[in-house]
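Worksheet for the structure shown next.
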Amino acid sequence: MCGIVGYVGGQCALDVVLAGLRRLEYRGYDSAGVAVLADGGLASAKKAGKLANLEKELADRPLPSGPTAIGHTRWATHGGPTDANAHPHLDNPGRVAVVHNGIIENFAALRAELAERGHALGSETDTEVVAHLLSEAFSSCGDLAEAMRQVCRRLQGAFTLVAVHADEPDVVVGARRNSPLVVGVGDGENFLASDVAAFIAHTREAIELGQDQVVELRRDGVTVTGFDGAPADDVRTYHVDWDASAAEKGGYDYFMLKEIAEQPKAVADTLLGRIDAAGSLTLDEVRIPDSVLREVDKVVIVACGTAYHAGLIAKYAIEHWTRIPCETELASEFRYRDPILDQRTLVVAISQSGETMDTLMALRHAREQGAKVLAICNTNGSTIPRESDAVLYTHAGPEVAVASTKAFLTQLVACYLVALYLGQVRGTKWGDEVRGVVRELSVIGAQVEEVLATMEPVRELARSLADKNTVLFLGRHVGYPVALEGALKLKELAYMHAEGFAAGELKHGPIALIEKDVPVVVVVPSPRGRSVLHDKIVSNIQEIRARGARTIVIAERGDEAVRPYADHLVEVPATPVLLQPLVATVPLQVFACELATARGNEVDQPRNLAKSVTVE
Ligand code: M6R
């Protein structure tokens, strides 16, 4: 949800900022812009559309070269994706430039106030008021960091702001509240960005800014204060454990293809170090004492989108393995329904980015009510784990494609680990049972590899369906959230009408959608273990087939009972019933990616979306 970069140092600042924006384009791609301090003044350029439009503009009309610059790639909230609404926004004399991620809720009142004092504002954005307020504050205090602190104290909402002023040519100032901002610490140069990916090619040393902090960046130093001006006492530098190559496409046409292919390793990495030599679970990171976990009488999982689907699957495992009641709830709905929570509730917040505002607000609400919060997150040092009581990191590495793939599989692994750990601590699972599931989990990476090696027929099928308008997805038990995830992938990538249903719900309405040749993907549970589930879904397949549906059946290898009813059969390796989503989701990711490609869509940057949703 908007990418921000700032740089001060010995390199050509504009080049550094543009390279950073390229890495952050996944966060928003409605428009892009830059501002450079050079020759005692400030020069800027901005363009609606993708970064390439801005790059063309800069090739046609180059900006001067200087040591200090800021840049922005936008996902529009206030005002459409036009040149005028693109960031940076400037004050009237053109001395201050500011870029912003988030929403300034009181911008209308501030705008009216500025207009009364004679300021002319030319955009529809909430951001522009900040440039004008900074300009006024700087005129009276002559210090950009102090001006930023004064302005931030007046703002309501969520914001990351980064600004430069022509009168302080070697300074970049940033501020954050409820929105991410990371400092990259270099040698004689420093960086600011929404995500470490923007500066990972230059430095792997980073500082995560805290809530309500202002940072002043110079070539040779970084100063962090609170909005009140008090020096920050929690400034901590950390080392980023992946390098620039992890954020490159590595020979694939799309990040999504690369990330799908990385899943076996991501799954294995997420298990690494969490299982001891005897095969038992050791989740040292879960700093919630066992005594507290033993008292938990309810688990509530909050998450959005794909992470929510991981949470829906986790519910089955948690309830089955621990016998603790578990609810999975959309984070965006959670706090508004006044949920019943207390000290004995464990809230699990799942988020790849660790920035999703709905999830962050849900966990804050949970903590206010006294619940303990455990985050499952892929982004080291991001806001959600920082604000949780404990965190279990997934080790998927950077996920750049907007459509989540490897993060989902690793979220599932982390959820299974949490469920088993709760079972282990509470004694609802014997040690040998835990070790048995852990053994099954440790072969999943290889099984995902097997699935990936057999995907050509799925790609071929996807291409043959490129002109369809609708694809439906059915599943039962843990196959139901897999169906929802398959439908979400298709919606966001192929822009098709795609819906997931619990197969048992079919006859309560959705079966009316079935007509001749409508493709229906059915996720079939293993015939071993839960034969009743299997038999029921085989009947469902027959029901839709009798009404003309074209059935695409995902089933365990060797499941001969479904073969007669499958127009297309996609076989996946045998797993325990609860773990099947780890292999059954992969063909659906490949299917959506190929269908989107066949329809000529932008796979990594689908329309209207952004990778991190940092506004509610
Ligand atoms: O970063 P998060 O895991 O909190 O993001 C949650 C959703 O926005 C995300 O999973 C979204 O649904 C994906 N684009 C789906 O592919």
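Following the order of the structure tokens, chains are lettered A, B, ..., residues in each are numbered from 1, and ligands are numbered from 1.
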**OP:** Identify, counting only C-alpha atoms and all ligand atoms, the protein, DNA and RNA residues located within 10 Å of ligand 1, and give them as a VMD selection string.
**Re:** chain A and resid 302 to 310 331 349 to 360 376 to 379 384 399 401 to 405 407 to 408 411 485 to 486 488 to 493 589 605 to 606 609 to 614
Give me a file of those residues, with C-alpha atoms, as a short mmCIF file (atom, residue, chain, number, x, y, z; two decimals), in the first residue's frame.
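Output file again28.cif follows:
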data_model
loop_
_atom_site.label_atom_id
_atom_site.label_comp_id
_atom_site.auth_asym_id
_atom_site.auth_seq_id
_atom_site.Cartn_x
_atom_site.Cartn_y
_atom_site.Cartn_z
CA VAL A 302 -7.55 -13.33 13.00
CA ALA A 303 -6.24 -12.71 9.50
CA CYS A 304 -7.18 -11.42 6.04
CA GLY A 305 -7.32 -12.89 2.55
CA THR A 306 -5.04 -15.85 2.00
CA ALA A 307 -3.80 -15.71 5.60
CA TYR A 308 -7.44 -16.04 6.68
CA HIS A 309 -7.72 -19.22 4.63
CA ALA A 310 -4.64 -20.58 6.42
CA ALA A 331 -9.60 -9.44 11.05
CA ALA A 349 -2.72 -13.20 14.20
CA ILE A 350 -1.52 -14.47 10.81
CA SER A 351 0.09 -12.06 8.36
CA GLN A 352 2.75 -12.41 5.69
CA SER A 353 3.64 -8.73 5.69
CA GLY A 354 3.10 -8.05 9.38
CA GLU A 355 1.63 -4.73 8.28
CA THR A 356 -2.00 -5.48 7.45
CA MET A 357 -3.93 -2.78 9.25
CA ASP A 358 -7.07 -4.85 9.83
CA THR A 359 -5.03 -7.59 11.51
CA LEU A 360 -3.02 -5.07 13.52
CA ILE A 376 2.56 -15.91 12.67
CA CYS A 377 4.47 -13.64 10.35
CA ASN A 378 6.95 -13.66 7.47
CA THR A 379 8.47 -10.21 7.90
CA ILE A 384 2.33 -7.15 13.98
CA GLU A 399 7.26 -12.69 -1.20
CA ALA A 401 4.10 -11.19 -6.14
CA VAL A 402 0.84 -9.71 -4.90
CA ALA A 403 -0.81 -13.14 -4.98
CA SER A 404 0.36 -15.01 -1.92
CA THR A 405 1.71 -18.54 -2.51
CA ALA A 407 3.63 -17.48 2.42
CA PHE A 408 0.38 -19.48 2.53
CA GLN A 411 1.60 -20.15 7.35
CA GLU A 485 -8.10 -20.06 -1.67
CA GLY A 486 -8.31 -21.44 -5.22
CA LEU A 488 -9.38 -16.09 -4.42
CA LYS A 489 -6.29 -16.76 -6.55
CA LEU A 490 -8.38 -16.90 -9.69
CA LYS A 491 -10.30 -13.71 -8.86
CA GLU A 492 -7.25 -11.67 -8.10
CA LEU A 493 -5.14 -12.91 -11.01
CA GLN A 589 -1.86 -21.62 -7.65
CA GLN A 605 0.73 -6.82 -10.15
CA PRO A 606 -2.98 -7.51 -10.62
CA LEU A 609 -4.46 -4.53 -5.67
CA ALA A 610 -1.38 -3.96 -3.55
CA LYS A 611 0.70 -6.45 -1.62
CA SER A 612 0.34 -4.92 1.82
CA VAL A 613 -2.97 -3.43 2.85
CA THR A 614 -1.91 -0.83 5.39
#
**OP:** Would you return as a PyMOL selection string the members of range 219-382 of chain A that DSSP assigns to helix (DSSP H, G or I) on this structure's backbone?
**Re:** chain A and resi 244-247+255-261+263-271+290-295+305-322+331-337+357-368
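Taking CA of Asp220 in chain A as the reference point, CA of Gly188 in chain A is found at 5.2 Å.
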Using only C-alpha atoms, tabulate the residues of range 124-196 of chain A lying at most 8 Å from any atom of range 207-213 of chain A, each with its closest atom pair and that distance in Å to one decimal, by chain and increasing residue number, as a Markdown table.
| residue | atom | partner | partner_atom | distance |
| --- | --- | --- | --- | --- |
| A:Ala175 | CA | A:Gln213 | CA | 5.7 |
| A:Arg176 | CA | A:Asp212 | CA | 5.6 |
| A:Arg177 | CA | A:Asp212 | CA | 4.9 |
| A:Asn178 | CA | A:Gln211 | CA | 6.6 |
| A:Pro180 | CA | A:Leu209 | CA | 7.8 |
| A:Leu181 | CA | A:Leu209 | CA | 6.2 |
| A:Val182 | CA | A:Glu208 | CA | 4.8 |
| A:Val183 | CA | A:Ile207 | CA | 4.9 |
| A:Gly184 | CA | A:Ile207 | CA | 6.5 |
| A:Val185 | CA | A:Ile207 | CA | 7.4 |
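The residue that comes closest to Arg294 in chain A, out of A:Gly423, A:Gly33, A:Gly28, A:Pro231 and on the basis of only C-alpha atoms, is A:Gly423.
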**OP:** Find the residues around range 161-167 of chain A up to 9 Å (only C-alpha atoms counted), leave out those fewer than 4 positions away in its own chain, and share them as a VMD selection string.
**Re:** chain A and resid 4 to 6 35 to 38 40 to 42 68 to 71 88 94 to 102 127 130 to 131 134 to 135 138 142 144 148 171 to 176 181 192 to 193
Residues as selected, C-alpha atoms, written as a PDB file, in the first residue's frame, can you do that?
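Listed below is the output, result_38.pdb:
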ATOM      1  CA  ILE A   4       8.466   4.882  -0.033  1.00  0.00           C
ATOM      2  CA  VAL A   5      12.218   5.331  -0.476  1.00  0.00           C
ATOM      3  CA  GLY A   6      14.583   8.024   0.837  1.00  0.00           C
ATOM      4  CA  ALA A  35      12.105  14.564  -5.647  1.00  0.00           C
ATOM      5  CA  VAL A  36      15.832  15.402  -5.652  1.00  0.00           C
ATOM      6  CA  LEU A  37      17.732  18.075  -3.746  1.00  0.00           C
ATOM      7  CA  ALA A  38      20.384  19.578  -5.994  1.00  0.00           C
ATOM      8  CA  GLY A  40      20.344  24.600  -3.699  1.00  0.00           C
ATOM      9  CA  GLY A  41      16.865  23.736  -4.921  1.00  0.00           C
ATOM     10  CA  LEU A  42      14.350  20.925  -5.188  1.00  0.00           C
ATOM     11  CA  THR A  68      19.526  13.451  -1.441  1.00  0.00           C
ATOM     12  CA  ALA A  69      16.267  12.144  -2.877  1.00  0.00           C
ATOM     13  CA  ILE A  70      12.921  10.612  -2.007  1.00  0.00           C
ATOM     14  CA  GLY A  71      10.513   8.537  -4.080  1.00  0.00           C
ATOM     15  CA  PRO A  88       5.680  13.740  -3.942  1.00  0.00           C
ATOM     16  CA  GLY A  94       8.378  24.310  -4.013  1.00  0.00           C
ATOM     17  CA  ARG A  95      10.952  23.989  -1.196  1.00  0.00           C
ATOM     18  CA  VAL A  96       9.443  21.019   0.649  1.00  0.00           C
ATOM     19  CA  ALA A  97       8.566  17.635  -0.854  1.00  0.00           C
ATOM     20  CA  VAL A  98       6.747  14.876   0.988  1.00  0.00           C
ATOM     21  CA  VAL A  99       5.710  11.292   0.241  1.00  0.00           C
ATOM     22  CA  HIS A 100       3.176   9.387   2.298  1.00  0.00           C
ATOM     23  CA  ASN A 101       1.751   5.931   2.930  1.00  0.00           C
ATOM     24  CA  GLY A 102      -1.493   5.664   4.909  1.00  0.00           C
ATOM     25  CA  THR A 127      -1.043  14.031   1.727  1.00  0.00           C
ATOM     26  CA  VAL A 130       1.492  17.755   5.115  1.00  0.00           C
ATOM     27  CA  ALA A 131       3.750  19.543   2.620  1.00  0.00           C
ATOM     28  CA  LEU A 134       5.774  21.288   7.067  1.00  0.00           C
ATOM     29  CA  SER A 135       6.537  24.422   5.102  1.00  0.00           C
ATOM     30  CA  PHE A 138       9.950  24.925   8.987  1.00  0.00           C
ATOM     31  CA  GLY A 142      14.267  26.164  10.671  1.00  0.00           C
ATOM     32  CA  LEU A 144      12.982  19.792   9.232  1.00  0.00           C
ATOM     33  CA  MET A 148       7.998  17.007  11.189  1.00  0.00           C
ATOM     34  CA  VAL A 171      18.822  15.643   5.346  1.00  0.00           C
ATOM     35  CA  VAL A 172      15.908  13.243   4.845  1.00  0.00           C
ATOM     36  CA  VAL A 173      13.284  13.103   7.579  1.00  0.00           C
ATOM     37  CA  GLY A 174      10.797  10.297   8.133  1.00  0.00           C
ATOM     38  CA  ALA A 175       7.980   9.632  10.576  1.00  0.00           C
ATOM     39  CA  ARG A 176       5.677   6.747  11.267  1.00  0.00           C
ATOM     40  CA  LEU A 181       9.225   2.535   7.829  1.00  0.00           C
ATOM     41  CA  LEU A 192      14.658   4.972   4.425  1.00  0.00           C
ATOM     42  CA  ALA A 193      12.069   2.632   2.965  1.00  0.00           C
TER      43      ALA A 193
END
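One distance worth recording is that between CA of Ala592 in chain A and CA of Leu461 in chain A, which is 10.8 Å.
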Near range 436-451 of chain A, 10 Å: range 196-269 of chain A residue rows, closest pairs, only C-alpha atoms, as JSON lines:
{"residue": "A:Ile260", "atom": "CA", "partner": "A:Val448", "partner_atom": "CA", "distance": 9.8}
{"residue": "A:Ala261", "atom": "CA", "partner": "A:Glu449", "partner_atom": "CA", "distance": 8.0}
{"residue": "A:Glu262", "atom": "CA", "partner": "A:Glu449", "partner_atom": "CA", "distance": 9.2}
{"residue": "A:Gln263", "atom": "CA", "partner": "A:Val448", "partner_atom": "CA", "distance": 7.2}
{"residue": "A:Pro264", "atom": "CA", "partner": "A:Gly445", "partner_atom": "CA", "distance": 4.1}
{"residue": "A:Lys265", "atom": "CA", "partner": "A:Gly445", "partner_atom": "CA", "distance": 6.6}
{"residue": "A:Ala266", "atom": "CA", "partner": "A:Gly445", "partner_atom": "CA", "distance": 8.1}
{"residue": "A:Val267", "atom": "CA", "partner": "A:Gly445", "partner_atom": "CA", "distance": 5.8}
{"residue": "A:Ala268", "atom": "CA", "partner": "A:Gly445", "partner_atom": "CA", "distance": 5.9}
{"residue": "A:Asp269", "atom": "CA", "partner": "A:Gly445", "partner_atom": "CA", "distance": 9.5}
Original post:
Between CA of Leu533 in chain A and CA of Arg545 in chain A, what is the distance, to one decimal in Å?
Top reply: 18.5 Å
Subject >> Best match for closeness to Leu363 in chain A among A:Val586, A:Val300, A:Cys152, A:Ile288, counting only C-alpha atoms >> reply: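 Looking only at the distances to Leu363 in chain A, the closest residue turns out to be A:Val300.
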Original post:
From the set A:Ala561, A:Glu571, A:Gly427, A:Ala145, which residue has the shortest atom-to-atom contact distance to Ala453 in chain A, counting only C-alpha atoms?
Top reply: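 Of all the options, A:Glu571 lies closest to Ala453 in chain A.
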**OP:** Considering only C-alpha atoms, state which residue in the set A:His78, A:Arg149, A:Arg476, A:Lys406 is at the smallest distance from Ile313 in chain A.
**Re:**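 Among the listed residues, the smallest separation from Ile313 in chain A belongs to A:Arg476.
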Subject >> Given only C-alpha atoms as the counted atoms, nearest of A:Ala546, A:Pro93, A:Phe159, A:Lys298 to Glu136 in chain A >> reply: A:Pro93
**OP:** Please identify which residues in range 251-453 of chain A DSSP calls strand (DSSP E or B) from the backbone, and express them as a PyMOL selection string.
**Re:** chain A and resi 275+281+298-303+326-330+345-351+372-377+390-393
Original post:
Using only C-alpha atoms, which of A:Leu312, A:Leu110, A:Leu272, A:Ile340 sits nearest Glu327 in chain A?
Top reply: A:Leu312
